[in-house]
file target17.tsv (TSV, C-alpha atoms (C1' of nucleotides))
chain	number	residue	atom	x	y	z
W	1	MET	CA	125.01	105.30	112.07
W	2	THR	CA	126.32	107.44	114.87
W	3	ARG	CA	126.43	104.46	117.20
W	4	ALA	CA	128.27	102.36	114.65
W	5	MET	CA	130.75	105.14	113.98
W	6	LEU	CA	131.39	105.70	117.65
W	7	SER	CA	131.87	102.05	118.42
W	8	THR	CA	134.21	101.68	115.47
W	9	VAL	CA	136.29	104.63	116.55
W	10	ILE	CA	136.35	103.49	120.15
W	11	VAL	CA	137.41	100.00	119.19
W	12	TRP	CA	140.16	101.42	117.07
W	13	ALA	CA	141.32	103.73	119.83
W	14	LEU	CA	141.52	100.81	122.24
W	15	VAL	CA	143.45	98.78	119.71
W	16	LEU	CA	145.79	101.72	119.24
W	17	ALA	CA	146.43	102.02	122.95
W	18	ALA	CA	147.02	98.30	123.34
W	19	ALA	CA	149.29	98.30	120.32
W	20	ALA	CA	151.24	101.20	121.74
W	21	PHE	CA	151.99	99.34	124.93
W	22	ALA	CA	152.72	96.13	123.11
W	23	LEU	CA	155.08	97.83	120.75
W	24	GLN	CA	156.79	99.71	123.52
W	25	TRP	CA	157.46	96.43	125.19
W	26	LEU	CA	158.32	94.42	122.11
W	27	GLU	CA	160.63	97.07	120.86
W	28	PHE	CA	163.13	96.54	123.63
W	29	GLN	CA	162.58	92.86	123.94
W	30	TYR	CA	162.90	91.44	120.51
W	31	LEU	CA	162.45	93.76	117.58
W	32	ALA	CA	165.29	96.09	118.41
W	33	MET	CA	167.62	93.18	118.16
W	34	ALA	CA	165.91	90.96	115.65
W	35	PHE	CA	165.07	93.51	112.98
W	36	SER	CA	166.58	96.60	111.63
W	37	ARG	CA	164.99	99.93	112.36
W	38	GLU	CA	163.59	100.27	108.85
W	39	ILE	CA	161.76	96.98	109.00
W	40	TYR	CA	160.34	97.88	112.36
W	41	ILE	CA	159.04	101.15	110.92
W	42	ALA	CA	157.62	99.32	107.95
W	43	ILE	CA	155.75	96.93	110.23
W	44	ILE	CA	154.27	99.83	112.12
W	45	ALA	CA	153.28	101.55	108.90
W	46	VAL	CA	151.65	98.49	107.39
W	47	ALA	CA	149.82	97.66	110.59
W	48	PHE	CA	148.41	101.14	111.02
W	49	ALA	CA	147.60	101.49	107.35
W	50	GLY	CA	145.69	98.23	107.50
W	51	GLY	CA	143.86	99.34	110.60
W	52	GLY	CA	143.05	102.62	108.93
W	53	VAL	CA	141.60	100.82	105.93
W	54	TRP	CA	139.44	98.78	108.25
W	55	VAL	CA	138.22	101.85	110.09
W	56	GLY	CA	137.54	103.76	106.91
W	57	TRP	CA	135.67	100.84	105.45
W	58	ARG	CA	133.44	100.42	108.48
W	59	LEU	CA	132.87	104.13	108.71
W	60	SER	CA	131.44	104.41	105.23
W	61	SER	CA	129.69	101.13	104.60
W	62	ARG	CA	126.84	101.23	107.03
W	63	PRO	CA	123.88	101.87	104.70
W	64	ARG	CA	124.36	98.41	103.24
W	65	SER	CA	121.71	96.66	105.25
W	66	GLY	CA	119.50	99.32	106.70
W	67	PHE	CA	116.27	100.51	105.18
W	68	GLN	CA	113.27	101.79	107.02
W	69	ARG	CA	109.97	102.91	105.66
W	70	ASN	CA	109.01	106.51	105.45
W	71	ASP	CA	106.31	106.27	108.08
W	72	ALA	CA	105.62	109.98	107.81
W	73	ALA	CA	104.69	109.58	104.16
W	74	ILE	CA	102.57	106.54	104.96
W	75	ALA	CA	100.63	108.51	107.54
W	76	ALA	CA	100.35	111.53	105.26
W	77	LEU	CA	98.92	109.43	102.45
W	78	GLY	CA	96.70	107.44	104.78
W	79	LEU	CA	97.92	104.08	103.54
W	80	THR	CA	96.46	101.07	105.32
W	81	ARG	CA	98.13	97.82	106.33
W	82	GLN	CA	96.74	95.78	103.48
W	83	GLU	CA	97.59	98.44	100.94
W	84	LEU	CA	101.17	98.41	102.14
W	85	ARG	CA	101.32	94.64	102.05
W	86	ALA	CA	99.94	94.68	98.55
W	87	LEU	CA	102.55	97.27	97.61
W	88	ASP	CA	105.31	95.03	98.88
W	89	LEU	CA	103.98	92.12	96.87
W	90	VAL	CA	103.75	94.28	93.77
W	91	ALA	CA	107.39	95.23	94.28
W	92	ASP	CA	108.06	91.53	94.49
W	93	GLY	CA	106.61	91.08	91.04
W	94	GLN	CA	103.52	89.10	92.00
W	95	SER	CA	100.29	89.13	89.99
W	96	ASN	CA	96.94	89.92	91.56
W	97	LYS	CA	96.12	86.25	91.72
W	98	GLU	CA	99.41	85.42	93.44
W	99	MET	CA	98.95	88.27	95.88
W	100	ALA	CA	95.49	87.00	96.70
W	101	ARG	CA	96.98	83.63	97.50
W	102	THR	CA	99.77	85.19	99.56
W	103	LEU	CA	97.41	87.39	101.51
W	104	GLY	CA	94.75	84.72	101.82
W	105	VAL	CA	92.00	86.81	100.26
W	106	ALA	CA	90.07	86.90	97.01
W	107	PRO	CA	91.62	88.41	93.87
W	108	ASN	CA	88.89	91.03	93.83
W	109	THR	CA	89.95	92.16	97.27
W	110	VAL	CA	93.50	92.60	96.09
W	111	LYS	CA	92.22	94.64	93.20
W	112	THR	CA	90.34	96.90	95.59
W	113	HIS	CA	93.39	97.40	97.79
W	114	LEU	CA	95.48	98.21	94.78
W	115	ALA	CA	92.87	100.58	93.40
W	116	ASN	CA	92.84	102.46	96.71
W	117	LEU	CA	96.62	102.42	96.82
W	118	PHE	CA	96.87	103.80	93.30
W	119	ALA	CA	94.40	106.54	94.13
W	120	LYS	CA	96.39	107.56	97.21
W	121	LEU	CA	99.65	107.52	95.29
W	122	GLU	CA	97.95	109.32	92.41
W	123	VAL	CA	99.10	106.77	89.85
W	124	GLY	CA	97.35	104.53	87.38
W	125	ARG	CA	99.67	101.57	86.97
W	126	ARG	CA	101.55	99.27	89.30
W	127	THR	CA	104.89	100.18	87.75
W	128	GLN	CA	104.12	103.84	88.37
W	129	ALA	CA	103.17	102.94	91.91
W	130	LEU	CA	106.55	101.23	92.32
W	131	ALA	CA	108.43	104.24	91.00
W	132	LYS	CA	106.54	106.63	93.25
W	133	ALA	CA	106.75	104.33	96.26
W	134	ARG	CA	110.50	104.15	95.83
W	135	GLU	CA	110.74	107.91	95.63
W	136	LEU	CA	108.82	108.13	98.86
W	137	ALA	CA	110.93	105.40	100.50
W	138	LEU	CA	107.90	103.21	101.01
W	139	ILE	CA	109.77	100.21	99.61
W	140	PRO	CA	113.50	99.38	99.52
P	1	MET	CA	134.28	100.18	90.48
P	2	THR	CA	137.39	98.33	89.44
P	3	ARG	CA	138.84	101.46	87.93
P	4	ALA	CA	138.13	103.53	91.01
P	5	MET	CA	139.60	100.88	93.29
P	6	LEU	CA	142.69	100.56	91.16
P	7	SER	CA	143.29	104.28	90.99
P	8	THR	CA	142.79	104.59	94.72
P	9	VAL	CA	145.23	101.81	95.45
P	10	ILE	CA	147.77	103.14	92.96
P	11	VAL	CA	147.58	106.62	94.39
P	12	TRP	CA	148.11	105.23	97.83
P	13	ALA	CA	151.02	103.12	96.70
P	14	LEU	CA	152.69	106.16	95.16
P	15	VAL	CA	152.12	108.15	98.30
P	16	LEU	CA	153.64	105.31	100.29
P	17	ALA	CA	156.72	105.22	98.12
P	18	ALA	CA	157.16	108.97	98.28
P	19	ALA	CA	156.64	108.92	102.02
P	20	ALA	CA	159.20	106.18	102.41
P	21	PHE	CA	161.85	108.22	100.67
P	22	ALA	CA	160.90	111.38	102.49
P	23	LEU	CA	161.00	109.65	105.83
P	24	GLN	CA	164.28	108.01	105.06
P	25	TRP	CA	165.72	111.39	104.36
P	26	LEU	CA	164.03	113.26	107.14
P	27	GLU	CA	164.96	110.66	109.65
P	28	PHE	CA	168.65	111.49	109.47
P	29	GLN	CA	168.21	115.17	108.85
P	30	TYR	CA	165.89	116.42	111.50
P	31	LEU	CA	163.66	113.95	113.23
P	32	ALA	CA	166.40	111.84	114.69
P	33	MET	CA	167.65	114.86	116.48
P	34	ALA	CA	164.51	116.88	117.03
P	35	PHE	CA	162.19	114.16	118.32
P	36	SER	CA	162.49	111.11	120.37
P	37	ARG	CA	162.11	107.71	118.78
P	38	GLU	CA	158.65	107.19	120.27
P	39	ILE	CA	157.28	110.39	118.82
P	40	TYR	CA	158.72	109.51	115.47
P	41	ILE	CA	156.98	106.15	115.61
P	42	ALA	CA	153.76	107.84	116.63
P	43	ILE	CA	153.95	110.20	113.67
P	44	ILE	CA	154.41	107.26	111.34
P	45	ALA	CA	151.51	105.43	112.92
P	46	VAL	CA	149.14	108.39	112.75
P	47	ALA	CA	150.10	109.20	109.20
P	48	PHE	CA	149.59	105.66	107.97
P	49	ALA	CA	146.43	105.19	109.96
P	50	GLY	CA	145.04	108.36	108.43
P	51	GLY	CA	146.02	107.23	104.98
P	52	GLY	CA	144.44	103.87	105.63
P	53	VAL	CA	141.20	105.51	106.68
P	54	TRP	CA	141.20	107.51	103.50
P	55	VAL	CA	141.81	104.44	101.36
P	56	GLY	CA	139.20	102.39	103.19
P	57	TRP	CA	136.68	105.15	102.90
P	58	ARG	CA	137.19	105.55	99.17
P	59	LEU	CA	137.18	101.82	98.66
P	60	SER	CA	133.73	101.31	100.10
P	61	SER	CA	131.82	104.54	99.79
P	62	ARG	CA	130.83	104.64	96.20
P	63	PRO	CA	127.28	103.37	96.65
P	64	ARG	CA	126.59	106.66	98.41
P	65	SER	CA	126.86	108.96	95.44
P	66	GLY	CA	126.40	106.88	92.35
P	67	PHE	CA	124.94	103.79	90.83
P	68	GLN	CA	126.47	101.92	87.97
P	69	ARG	CA	124.99	99.10	86.01
P	70	ASN	CA	126.13	95.54	86.36
P	71	ASP	CA	127.72	95.40	82.93
P	72	ALA	CA	128.87	91.84	83.52
P	73	ALA	CA	125.29	90.69	84.00
P	74	ILE	CA	124.18	92.65	80.94
P	75	ALA	CA	126.80	90.93	78.84
P	76	ALA	CA	126.04	87.53	80.35
P	77	LEU	CA	122.34	87.89	79.59
P	78	GLY	CA	122.99	89.35	76.15
P	79	LEU	CA	120.78	92.39	76.71
P	80	THR	CA	120.69	94.86	73.85
P	81	ARG	CA	120.58	98.65	73.93
P	82	GLN	CA	116.88	98.93	73.24
P	83	GLU	CA	116.02	96.26	75.75
P	84	LEU	CA	117.91	98.18	78.40
P	85	ARG	CA	116.26	101.44	77.45
P	86	ALA	CA	112.89	99.75	77.62
P	87	LEU	CA	113.81	98.37	81.03
P	88	ASP	CA	114.64	101.84	82.28
P	89	LEU	CA	111.32	103.15	81.04
P	90	VAL	CA	109.47	100.28	82.69
P	91	ALA	CA	111.21	101.17	85.94
P	92	ASP	CA	109.99	104.69	85.34
P	93	GLY	CA	106.43	103.41	85.28
P	94	GLN	CA	105.67	104.07	81.63
P	95	SER	CA	103.16	102.08	79.59
P	96	ASN	CA	104.06	100.46	76.30
P	97	LYS	CA	102.43	103.33	74.44
P	98	GLU	CA	104.36	105.94	76.39
P	99	MET	CA	107.59	104.04	75.90
P	100	ALA	CA	106.91	103.90	72.18
P	101	ARG	CA	106.53	107.67	72.19
P	102	THR	CA	109.68	108.14	74.28
P	103	LEU	CA	111.75	105.84	72.10
P	104	GLY	CA	110.21	107.09	68.89
P	105	VAL	CA	109.08	103.67	67.70
P	106	ALA	CA	105.82	101.80	67.32
P	107	PRO	CA	104.13	100.21	70.34
P	108	ASN	CA	104.56	96.81	68.72
P	109	THR	CA	108.31	97.33	68.65
P	110	VAL	CA	108.31	98.11	72.34
P	111	LYS	CA	106.35	94.94	72.92
P	112	THR	CA	108.94	92.93	71.03
P	113	HIS	CA	111.82	94.43	72.99
P	114	LEU	CA	110.04	93.75	76.24
P	115	ALA	CA	109.20	90.19	75.20
P	116	ASN	CA	112.88	89.54	74.45
P	117	LEU	CA	113.89	91.23	77.69
P	118	PHE	CA	111.46	89.10	79.69
P	119	ALA	CA	112.75	85.96	78.02
P	120	LYS	CA	116.35	86.85	78.87
P	121	LEU	CA	115.45	87.70	82.45
P	122	GLU	CA	113.29	84.57	82.62
P	123	VAL	CA	110.25	86.48	83.84
P	124	GLY	CA	106.72	86.90	82.61
P	125	ARG	CA	105.65	90.31	83.91
P	126	ARG	CA	107.16	93.76	83.95
P	127	THR	CA	107.01	93.93	87.74
P	128	GLN	CA	108.92	90.65	87.92
P	129	ALA	CA	111.40	92.08	85.47
P	130	LEU	CA	111.85	95.09	87.74
P	131	ALA	CA	112.44	92.92	90.79
P	132	LYS	CA	114.96	90.75	88.98
P	133	ALA	CA	116.67	93.70	87.31
P	134	ARG	CA	117.11	95.31	90.70
P	135	GLU	CA	118.60	92.13	92.10
P	136	LEU	CA	121.06	92.10	89.24
P	137	ALA	CA	121.82	95.81	89.64
P	138	LEU	CA	120.60	96.56	86.14
P	139	ILE	CA	118.54	99.48	87.43
P	140	PRO	CA	118.99	101.74	90.48
Q	1	DG	C1'	73.63	102.96	118.94
Q	2	DC	C1'	75.81	105.69	115.17
Q	3	DG	C1'	79.29	107.22	112.24
Q	4	DC	C1'	83.69	106.14	110.57
Q	5	DT	C1'	87.37	103.34	108.76
Q	6	DT	C1'	89.03	99.09	107.20
Q	7	DC	C1'	88.69	94.85	105.07
Q	8	DT	C1'	86.23	91.97	102.38
Q	9	DC	C1'	84.07	90.50	97.88
Q	10	DA	C1'	81.34	90.91	93.63
Q	11	DC	C1'	80.09	92.44	88.77
Q	12	DC	C1'	80.88	94.85	84.36
Q	13	DC	C1'	83.68	96.96	80.99
Q	14	DA	C1'	87.70	99.01	78.69
Q	15	DT	C1'	92.48	99.03	78.42
Q	16	DT	C1'	96.81	97.04	78.82
Q	17	DC	C1'	99.85	93.38	78.66
Q	18	DG	C1'	102.04	89.09	77.18
Q	19	DG	C1'	102.69	85.05	73.86
Q	20	DG	C1'	103.12	83.46	69.42
Q	21	DC	C1'	103.63	84.07	64.72
Q	22	DG	C1'	105.66	86.11	60.69
Q	23	DA	C1'	108.15	89.78	58.05
Q	24	DT	C1'	111.50	93.46	56.45
Q	25	DG	C1'	115.93	96.03	56.43
Q	26	DG	C1'	120.53	97.06	58.20
Q	27	DC	C1'	125.03	95.51	59.72
Q	28	DG	C1'	129.04	92.91	60.75
Q	29	DC	C1'	131.58	88.58	59.92
Q	30	DG	C1'	133.64	84.84	57.72
D	1	DC	C1'	127.34	86.56	49.59
D	2	DG	C1'	124.94	83.88	53.02
D	3	DC	C1'	124.36	83.88	58.18
D	4	DG	C1'	123.29	85.67	62.43
D	5	DC	C1'	121.96	89.47	65.25
D	6	DC	C1'	119.47	93.55	65.98
D	7	DA	C1'	115.79	96.68	65.33
D	8	DT	C1'	111.60	97.54	63.36
D	9	DC	C1'	106.50	96.59	62.78
D	10	DG	C1'	102.16	93.98	62.07
D	11	DC	C1'	98.25	90.71	63.55
D	12	DC	C1'	95.64	87.63	66.62
D	13	DC	C1'	94.17	86.17	70.99
D	14	DG	C1'	93.96	85.16	75.76
D	15	DA	C1'	95.22	86.78	80.22
D	16	DA	C1'	96.11	90.50	83.32
D	17	DT	C1'	95.13	94.90	84.77
D	18	DG	C1'	92.47	99.19	85.95
D	19	DG	C1'	88.03	101.96	86.73
D	20	DG	C1'	83.66	102.29	88.48
D	21	DT	C1'	80.06	100.95	91.55
D	22	DG	C1'	77.90	98.54	95.18
D	23	DA	C1'	77.67	96.23	99.46
D	24	DG	C1'	78.26	93.39	103.75
D	25	DA	C1'	80.97	92.50	108.20
D	26	DA	C1'	84.16	93.85	111.90
D	27	DG	C1'	86.18	97.22	114.82
D	28	DC	C1'	86.67	101.88	116.99
D	29	DG	C1'	85.45	106.20	119.14
D	30	DC	C1'	81.86	109.17	120.91

call {"tool": "encode", "arguments": {"input": "target17.tsv", "output": "structure tokens"}}
result
Amino acid sequence: MTRAMLSTVIVWALVLAAAAFALQWLEFQYLAMAFSREIYIAIIAVAFAGGGVWVGWRLSSRPRSGFQRNDAAIAALGLTRQELRALDLVADGQSNKEMARTLGVAPNTVKTHLANLFAKLEVGRRTQALAKARELALIP
Amino acid sequence: MTRAMLSTVIVWALVLAAAAFALQWLEFQYLAMAFSREIYIAIIAVAFAGGGVWVGWRLSSRPRSGFQRNDAAIAALGLTRQELRALDLVADGQSNKEMARTLGVAPNTVKTHLANLFAKLEVGRRTQALAKARELALIP
DNA sequence: GCGCTTCTCACCCATTCGGGCGATGGCGCG
DNA sequence: CGCGCCATCGCCCGAATGGGTGAGAAGCGC
């Protein structure tokens, strides 16, 4: 977040500096003769407006990809690896039998993991577990 | 989404037009005499860059505050009001009986709505429905 | 070794859920 | 007015789920 913002701003600042020199040079070389002053201004305005849009977009669209588990909550609840894996599979919409196949264990084992998970989350259904897990940022 | 983008763009376009006139006027009144050409250019650049940042920020920062349903998908799938309400309650973790109480209908009615919802989503379980509905941005 | 946790699996039983079927009433549309 | 869609509700039945209990094996720390 902070890193992305900084890098974005720095990149933009460098582009600005480069553009300043380039424009300074171009101004006296070609543009002053080729275009009228208004068109030159318009080019500047459009270029900087476009750059601004880019900067603003990057500055506010970082949460798109990032999600990280609430490890504090996991520790506080005492959730184990298998319980978390089962939770992920529940969020994926799998049945107990499918989860057993995915995890390579018996369906009864999955049931046990889920029962423990439900107890720790203080819920009684998998859909409730999903709602609560999402509140706690245990799943995306 | 589309409305917000349009209004943002329109506002910016109006500001641009107003600024163009203002600059045109100011240019010959004060700035041409008070500042050098480079400073004038710099003011233009900063102003438009700032405006661009604002536009870019507004254009891409609506997932932060709100969530809005994918109405296009709802229409495409032909989901009805009750099916959507049932979907919300499923996401909330409620059982069929609780949903019946919430919606003020019989449990069998809830079952019917869910059965139709599952058929339209092409799923067979409520957890699958939740996963798919989240993919389609039908629920937060 | 001993206690602890974790993971594993089993059995039984009640509840919930999902599929399939049919049925009624309201409402808009041609 | 028939037709289609939506909402409502019922019944049956099989599958999935949840609760409770027990228990064995592996690993960890003291």

call {"tool": "interface_residues", "arguments": {"input": "target17.tsv", "of": "chain D", "to": "chain P", "cutoff": "8 Å", "atoms": "all atoms listed in the file", "output": "PyMOL selection string"}}
result
chain D and resi 8-10

call {"tool": "write_last_selection", "arguments": {"input": "target17.tsv", "atoms": "C-alpha atoms (C1' of nucleotides)", "output": "mmCIF file, in the frame of the given file"}}
result
data_model
loop_
_atom_site.group_PDB
_atom_site.id
_atom_site.type_symbol
_atom_site.label_atom_id
_atom_site.label_comp_id
_atom_site.auth_asym_id
_atom_site.auth_seq_id
_atom_site.Cartn_x
_atom_site.Cartn_y
_atom_site.Cartn_z
ATOM 1 C "C1'" DT D 8 111.600 97.540 63.360
ATOM 2 C "C1'" DC D 9 106.500 96.590 62.780
ATOM 3 C "C1'" DG D 10 102.160 93.980 62.070
#

call {"tool": "interface_residues", "arguments": {"input": "target17.tsv", "of": "chain P", "to": "chain W", "cutoff": "8 Å", "atoms": "all atoms listed in the file", "output": "ChimeraX atom specification"}}
result
/P:41,44-46,48-61,90-94,125-131

call {"tool": "atom_distance", "arguments": {"input": "target17.tsv", "atom1": "atom C1' of D:DC28", "atom2": "atom CA of W:Leu79"}}
result
17.7 Å

call {"tool": "interface_residues", "arguments": {"input": "target17.tsv", "of": "chain Q", "to": "chain P", "cutoff": "9 Å", "atoms": "all atoms listed in the file", "output": "mmCIF file with C-alpha atoms (C1' of nucleotides), in the frame of the given file"}}
result
data_model
loop_
_atom_site.group_PDB
_atom_site.id
_atom_site.type_symbol
_atom_site.label_atom_id
_atom_site.label_comp_id
_atom_site.auth_asym_id
_atom_site.auth_seq_id
_atom_site.Cartn_x
_atom_site.Cartn_y
_atom_site.Cartn_z
ATOM 1 C "C1'" DT Q 16 96.810 97.040 78.820
ATOM 2 C "C1'" DC Q 17 99.850 93.380 78.660
ATOM 3 C "C1'" DG Q 18 102.040 89.090 77.180
ATOM 4 C "C1'" DG Q 19 102.690 85.050 73.860
#

call {"tool": "atom_distance", "arguments": {"input": "target17.tsv", "atom1": "atom CA of W:Leu138", "atom2": "atom C1' of D:DG18"}}
result
21.9 Å

call {"tool": "atom_distance", "arguments": {"input": "target17.tsv", "atom1": "atom C1' of Q:DT5", "atom2": "atom C1' of D:DA26"}}
result
10.5 Å

call {"tool": "closest_residue", "arguments": {"input": "target17.tsv", "among": "P:Gln68, P:Glu122, P:Asn116, P:Thr102", "to": "D:DC6", "atoms": "all atoms listed in the file"}}
result
P:Asn116

call {"tool": "residues_around", "arguments": {"input": "target17.tsv", "residues": "Q:DG28", "least_positions_apart": "6", "cutoff": "12 Å", "atoms": "all atoms listed in the file", "output": "list of chain:residue names"}}
result
D:DC3, D:DG4, D:DC5, D:DC6

call {"tool": "write_last_selection", "arguments": {"input": "target17.tsv", "atoms": "C-alpha atoms (C1' of nucleotides)", "output": "PDB file, in the coordinates of the input"}}
result
ATOM      1  C1'  DC D   3     124.360  83.880  58.180  1.00  0.00           C
ATOM      2  C1'  DG D   4     123.290  85.670  62.430  1.00  0.00           C
ATOM      3  C1'  DC D   5     121.960  89.470  65.250  1.00  0.00           C
ATOM      4  C1'  DC D   6     119.470  93.550  65.980  1.00  0.00           C
TER       5       DC D   6
END

call {"tool": "residues_around", "arguments": {"input": "target17.tsv", "residues": "Q:DC13", "least_positions_apart": "6", "cutoff": "12 Å", "atoms": "all atoms listed in the file", "output": "list in words"}}
result
DG18, DG19, DG20 and DT21 of chain D

call {"tool": "write_last_selection", "arguments": {"input": "target17.tsv", "atoms": "C-alpha atoms (C1' of nucleotides)", "output": "mmCIF file, keeping the file's coordinate frame"}}
result
data_model
loop_
_atom_site.group_PDB
_atom_site.id
_atom_site.type_symbol
_atom_site.label_atom_id
_atom_site.label_comp_id
_atom_site.auth_asym_id
_atom_site.auth_seq_id
_atom_site.Cartn_x
_atom_site.Cartn_y
_atom_site.Cartn_z
ATOM 1 C "C1'" DG D 18 92.470 99.190 85.950
ATOM 2 C "C1'" DG D 19 88.030 101.960 86.730
ATOM 3 C "C1'" DG D 20 83.660 102.290 88.480
ATOM 4 C "C1'" DT D 21 80.060 100.950 91.550
#

call {"tool": "residues_around", "arguments": {"input": "target17.tsv", "residues": "P:Arg69", "least_positions_apart": "2", "cutoff": "8 Å", "atoms": "all atoms listed in the file", "output": "list of chain:residue names"}}
result
P:Phe67, P:Asp71, P:Ala137, P:Leu138, P:Ile139, P:Pro140

call {"tool": "residues_around", "arguments": {"input": "target17.tsv", "residues": "D:DC30", "least_positions_apart": "5", "cutoff": "12 Å", "atoms": "all atoms listed in the file", "output": "list in words"}}
result
DG1, DC2, DG3 and DC4 of chain Q

call {"tool": "residues_near_point", "arguments": {"input": "target17.tsv", "point": "(77.9, 93.1, 91.3)", "cutoff": "10 Å", "atoms": "all atoms listed in the file", "output": "ChimeraX atom specification"}}
result
/Q:9-12 /D:21-23

call {"tool": "write_last_selection", "arguments": {"input": "target17.tsv", "atoms": "C-alpha atoms (C1' of nucleotides)", "output": "short mmCIF file (atom, residue, chain, number, x, y, z; two decimals), in the coordinates of the input"}}
result
data_model
loop_
_atom_site.label_atom_id
_atom_site.label_comp_id
_atom_site.auth_asym_id
_atom_site.auth_seq_id
_atom_site.Cartn_x
_atom_site.Cartn_y
_atom_site.Cartn_z
"C1'" DC Q 9 84.07 90.50 97.88
"C1'" DA Q 10 81.34 90.91 93.63
"C1'" DC Q 11 80.09 92.44 88.77
"C1'" DC Q 12 80.88 94.85 84.36
"C1'" DT D 21 80.06 100.95 91.55
"C1'" DG D 22 77.90 98.54 95.18
"C1'" DA D 23 77.67 96.23 99.46
#
